[in-house]
Amino acid sequence: MKWTGLNELREKYLSFFESKGHLRLKSFSLVPNNDKSLLLINSGMAPMKKFFTGEVTPPRNRVTTCQKCIRTPDLDRVGITARHGTYFEMLGNFSFGDYFKKEAITWAWEFLTETLEMPKELLWPSVYEKDDEAYDLWKNMIGVPEERIVRLGKEDNFWEHGSGPCGPCSEIYFDRGEKYGCGSPDCKPGCDCDRYMEIWNNVFSQFNNDGNGNYTELAHKNIDTGMGLERLACVMQGVDNMFEVDTIRRILDTVCGVANKKYGENEKDDISIRVITDHIRSSVFMISDGILPSNEGRGYVLRRIIRRAARHSKLLGINHAFLSDLCDVVIEENSAGYPELLEKKDYIKKIISVEEEKFDSTIDTGLSILSGYMEEAENNNSKIIPGEDVFKLYDTFGFPIDLTREIAKEKGIEIDENKFLELMKEQKERARNARANISGWSGASKTFLNSLPKTEFVGYTENACTCNVKAIIDEDKELHEISEGEFSLVLDRTPFYAESGGQVGDSGNIVTDKATVSVIDTKKADGVFIHICKMESGTLCVSDEAKAQIDGTRRKAIARNHSAAHLLQAALREVLGTHVEQAGSYVDENYVRFDFTHFSAMTKEELAAVEAKVNKQILNALDVNTIETDLESAKKMGAMALFGEKYGNTVRVVKMGGYSTELCGGTHVDNTSKLGLFKIVSESSVAAGVRRIFGITGTGVLSFIDEKQKLIENTASELKAANPEDIAKRASQLQDEIRALKRNLDELNEKLSSSDAKSLIDKAETVGNKRVLCAKVDMKADAMRTLCDKFKAEYPDLVAVLASVSDGKVNFAVSCGKDAVANGANAGKIVKEIATMCGGGGGGRPDSASAGGKDASKLDEALSKVKDLI
């Protein structure tokens with residue numbers, strides 16, 4: 001058996017199955033595509049689920065992949081043992097209704113024993129205890145002796161997950177030798193010791209489980225093979241664990257080099273070294289697939305992994321940011337299989353660098369506070385940190401609860417996680433109430449509001465409707481009637497859209513036989529729509545019949561901007577990449593503000609490309625269709641959703657042709673042509689990794705053009721351009737004129753300076769072997785310095801001291817010619833002495849110096865001391 005590197009093993013496997021008629025596919029992204037059941041791809045077959053279920057037709061009935069995977073259930077164990085890791089690669093060959101057990105077993109054996117030349121006597125197959133077909137194939141077709149074929153029960157060798165396709169498994173184990181065993185004469189695959197390592201697993205998907213334990217044969221049987229690449233590399237390289245595999249060991253050795261540690265000498269250091277080695281691999285691949293650090297979902301997993309690695313860096317004594325540099329090694333070792341890492345290298349390093357810096361700014365404070373909490377817990381013999389303290393660390397100092405839990409656990413202290421979760425829930429509830437604008441209401445009013453039936457919203461199809469007044473609330477009081485002022489109103493049904501999903505609430509009016517009411521804004525809480533109103537005339541009573549009418553012109557403008565947000569997101573993903581995700585939005589009648597994940601400022605070319613793509617879809621006049629369906633059906637349609645958002649049983653899908661499909665509860669145009677035009681007004685940074693675009697549509701673009709046109713016309717008028725088209729030409733002419741005038745001015749100043757110099761030099765006095773000029777002048781500081789430089793160049797024996805006063809402050813400039821310096825004059829010492837007398841300071845070289853002073857009243861006295869100083 002020949003030593004084989006990890007990258008070579010990957011290529012051997014994929015090439016082997018290509019030779020067997022399989023289509024080689026690139027690894028799917030770690031971000032599941034339209035599969036909200038998974039946070040991250042965690043197995044080779046996970047991206048293939050829809051091929052197996054028949055929802056999507058595979059590109060070929062035989063497929064082979066090497067799939068990137070992330071698993072984090074045992075994150076806290078990573079590093080503590082050498083077995084656990086978060087990132088790994090899964091080799092797989094898949095058959096969708098094509099070949100079955102015979103071919104799968106034959107090719108597995110061929111690859112291991114012929115391509116990799118593993119000794120046959122060290123390979124042990126296992127089969128499901130009732131799968132006689134697989135047992136017979138191993139025994140009679142492959143020729144494995146009966147004593148090396150192990151039958152295992154349903155728990156070990158039968159794959160199923162609830163109802164649906166399922167089937168028996170057949171695994172292949174590698175015998176690592178007696179030194180890894182337990183010593184039992186019955187030791188064989190299935191034993192808990194480390195002697196037999198599972199390296200291959202064939203899942204024979206041949207049954208359908210109805211959920212009640214009844215199995216029927218599938219008409220089209222499938223093969224799902226999984227083999228961990230790192231585990232296979234352990235066998236082929238004769239090492240004990242994944243951290244010893246060639247590509248991973250190089251990362252580990254780099255960590256040791258930076259930390260000046262030797263792996264294997266100290267168990268605590270080894271834990272930290274393994275944590276960093278594993279976590280930097282996960283981080284690089286997650287970021288490469290568009291995941292960005294955040295406080296929710298997969299972004300939080302990434303943030304937790306990076307920060308855990310950063311903390312263990314400090315435990316190793318590495319007190320500078322180095323994780324971004326470590327990325328270079330990860331990318332170098334993995335670029336053969338994943339060339340996109342090289343393309344995204346700078347992007348990956350930037351994100352890790354920013355996250356590491358952010359954590360570095362909080363960890364010392366957080367650790368100090370946490371140490372105090374732990375010390376207090378120990379002193380009180382409670383061995384538990386209160387949930388309030390854990391919440392404060394998280395909410396005020398940005399210290400992740402996972403890190404708090406892990407550090408406390410190292411000291412044998414627990415945290416009150418239930419209280420922490422309770423406080424988190426309360427915080428979210430406060431935020432939700434604030435969004436509904438009822439945070440200041442009393443408990444009684446909120447209870448009353450919750451007792452009302454949910455408002456029927458008809459605004460998707462109607463701009464007006466008849467309705468009944470259900471409640472009037474003024475200054476936190478429930479009223480029966482009202483005749484003046486501002487108040488809140490609840491109706492049984494309404495056409496007014498309530499603020500949500502980034503879209504502002506509608507405005508308009510409500511009219512009864514006895515009253516006219518202006519609706520300023522609309523909000524909602526738990527399905528009850530709250531109309532923020534102002535009484536215009538009459539008296540409004542509970543139970544009054546009314547007609548509610550929205551401001552249709554404003555609604556149309558809002559709808560245009562909201563539809564533009566959808567087109568904008570699709571265009572951004574096309575131009576910048578699929579890592580772009582919505583990070584927030586706001587749409588009203590004036591503009592759309594769209595926040596999205598991206599780590600660098602967009603170039604002019606990128607902005608132009610995005611704008612052009614949006615306008616192309618506007619001019620394509622795409623029909624905008626809204627569909628109400630269940631969440632699962634929406635996912636099948638490819639609808640994009642806000643990650644982490646909770647959706648009900650029924651969701652609303654907004655589909656714009658084939659260009660954009662999103663889950664959205666807002667109001668939209670019925671055809672993209674109604675947007676008119678789209679214009680990006682600005683692009684800027686909001687936070688690390690989040691950019692913000694402001695855009696306008698429809699009449700907003702017309703107003704924008706009108707403003708720019710007026711600006712151009714006014715500029716043309718000020719520049720005396722014959723017409724606006726000549727602005728650039730006229731500006732260029734003026735620049736030339738300004739440059740010519742500046743040259744003339746410089747020449748005049750030069751002449752004046754020479755004249756000033758001549759008139760001043762006549763006042764110079766001889767002091768010993770030097771001439772001294774000491775004068776107050778009406779010049780700016782830079783002009784004085786220029787004149788001093790002239791004196792220095794033209795009069796070698798001259799010491800020139802010039803002073804001026806501006807806004808009550810003194811400026812000095814001193815120069816000494818070369819002969820004066822040779823004879824002991826020092827401009828720096830002179831200026832320091834006289835500036836100090838004026839309450840200032842300064843200095844410089846022996847031949848040139850300048851300074852300032854605060855007390856102009858001392859200037860004459862200071863200048864009078866110059867001769868004595870010299």
# chains A, B, ... in the order shown; residues from 1 in each chain; ligands from 1
call {"tool": "residues_around", "arguments": {"residues": "range 633-635 of chain A", "least_positions_apart": "5", "cutoff": "8 Å", "atoms": "only C-alpha atoms", "output": "PyMOL selection string"}}
result
chain A and resi 34-35+640+651+653+663
call {"tool": "select_by_dssp", "arguments": {"residues": "range 750-816 of chain A", "states": "strand (DSSP E or B)", "output": "list in words"}}
result
Glu765, Thr766, Val767, Lys770, Arg771, Val772, Leu773, Cys774, Ala775, Lys776, Leu798, Val799, Ala800, Val801, Leu802, Ala803, Ser804, Val805, Ser806, Lys809, Val810, Asn811, Phe812, Ala813, Val814, Ser815 and Cys816 of chain A
call {"tool": "residues_around", "arguments": {"residues": "range 329-333 of chain A", "least_positions_apart": "4", "cutoff": "8 Å", "atoms": "only C-alpha atoms", "output": "compact mmCIF listing (two decimals) with C-alpha atoms, in the first residue's frame"}}
result
# COMPACT_ATOMS: atom_id res chain seq x y z
CA THR A 247 -2.41 18.93 4.08
CA ARG A 250 1.09 21.64 7.32
CA ILE A 251 -1.52 24.01 8.77
CA THR A 254 2.40 26.66 10.81
CA ILE A 280 -9.33 28.00 10.13
CA ARG A 281 -10.17 25.31 7.56
CA VAL A 284 -11.93 29.62 4.84
CA ASP A 325 -2.14 34.97 7.45
CA LEU A 341 -10.05 29.68 -3.12
CA LEU A 342 -7.24 31.44 -5.00
CA LYS A 345 -8.08 34.76 -1.36
call {"tool": "atom_distance", "arguments": {"atom1": "CA of Asp131 in chain A", "atom2": "CA of Phe204 in chain A"}}
result
10.2 Å
call {"tool": "residues_around", "arguments": {"residues": "Ile305 in chain A", "least_positions_apart": "6", "cutoff": "8 Å", "atoms": "only C-alpha atoms", "output": "PDB file with C-alpha atoms, in the first residue's frame"}}
result
ATOM      1  CA  HIS A 279     -11.422  26.116  12.675  1.00  0.00           C
ATOM      2  CA  SER A 282     -13.891  25.652   8.253  1.00  0.00           C
ATOM      3  CA  SER A 283     -13.717  29.444   8.188  1.00  0.00           C
TER       4      SER A 283
END
call {"tool": "closest_residue", "arguments": {"among": "A:Asp706, A:Glu171, A:Glu747, A:Glu114", "to": "Tyr196 in chain A", "atoms": "only C-alpha atoms"}}
result
A:Glu171
call {"tool": "select_by_dssp", "arguments": {"residues": "range 214-407 of chain A", "states": "helix (DSSP H, G or I)", "output": "ChimeraX atom specification"}}
result
/A:229-237,242-244,246-259,267-288,297-315,323-334,340-343,345-379,387-397,401-407
call {"tool": "atom_distance", "arguments": {"atom1": "CA of Val203 in chain A", "atom2": "CA of Glu155 in chain A"}}
result
13.6 Å
call {"tool": "closest_residue", "arguments": {"among": "A:Leu741, A:Ala775, A:Ala687, A:Ile705", "to": "Asp756 in chain A", "atoms": "only C-alpha atoms"}}
result
A:Ala775
call {"tool": "closest_residue", "arguments": {"among": "A:Leu116, A:Ile472, A:Val669, A:Cys533", "to": "Asn561 in chain A", "atoms": "only C-alpha atoms"}}
result
A:Val669
call {"tool": "atom_distance", "arguments": {"atom1": "CA of Ser27 in chain A", "atom2": "CA of Glu230 in chain A"}}
result
15.8 Å
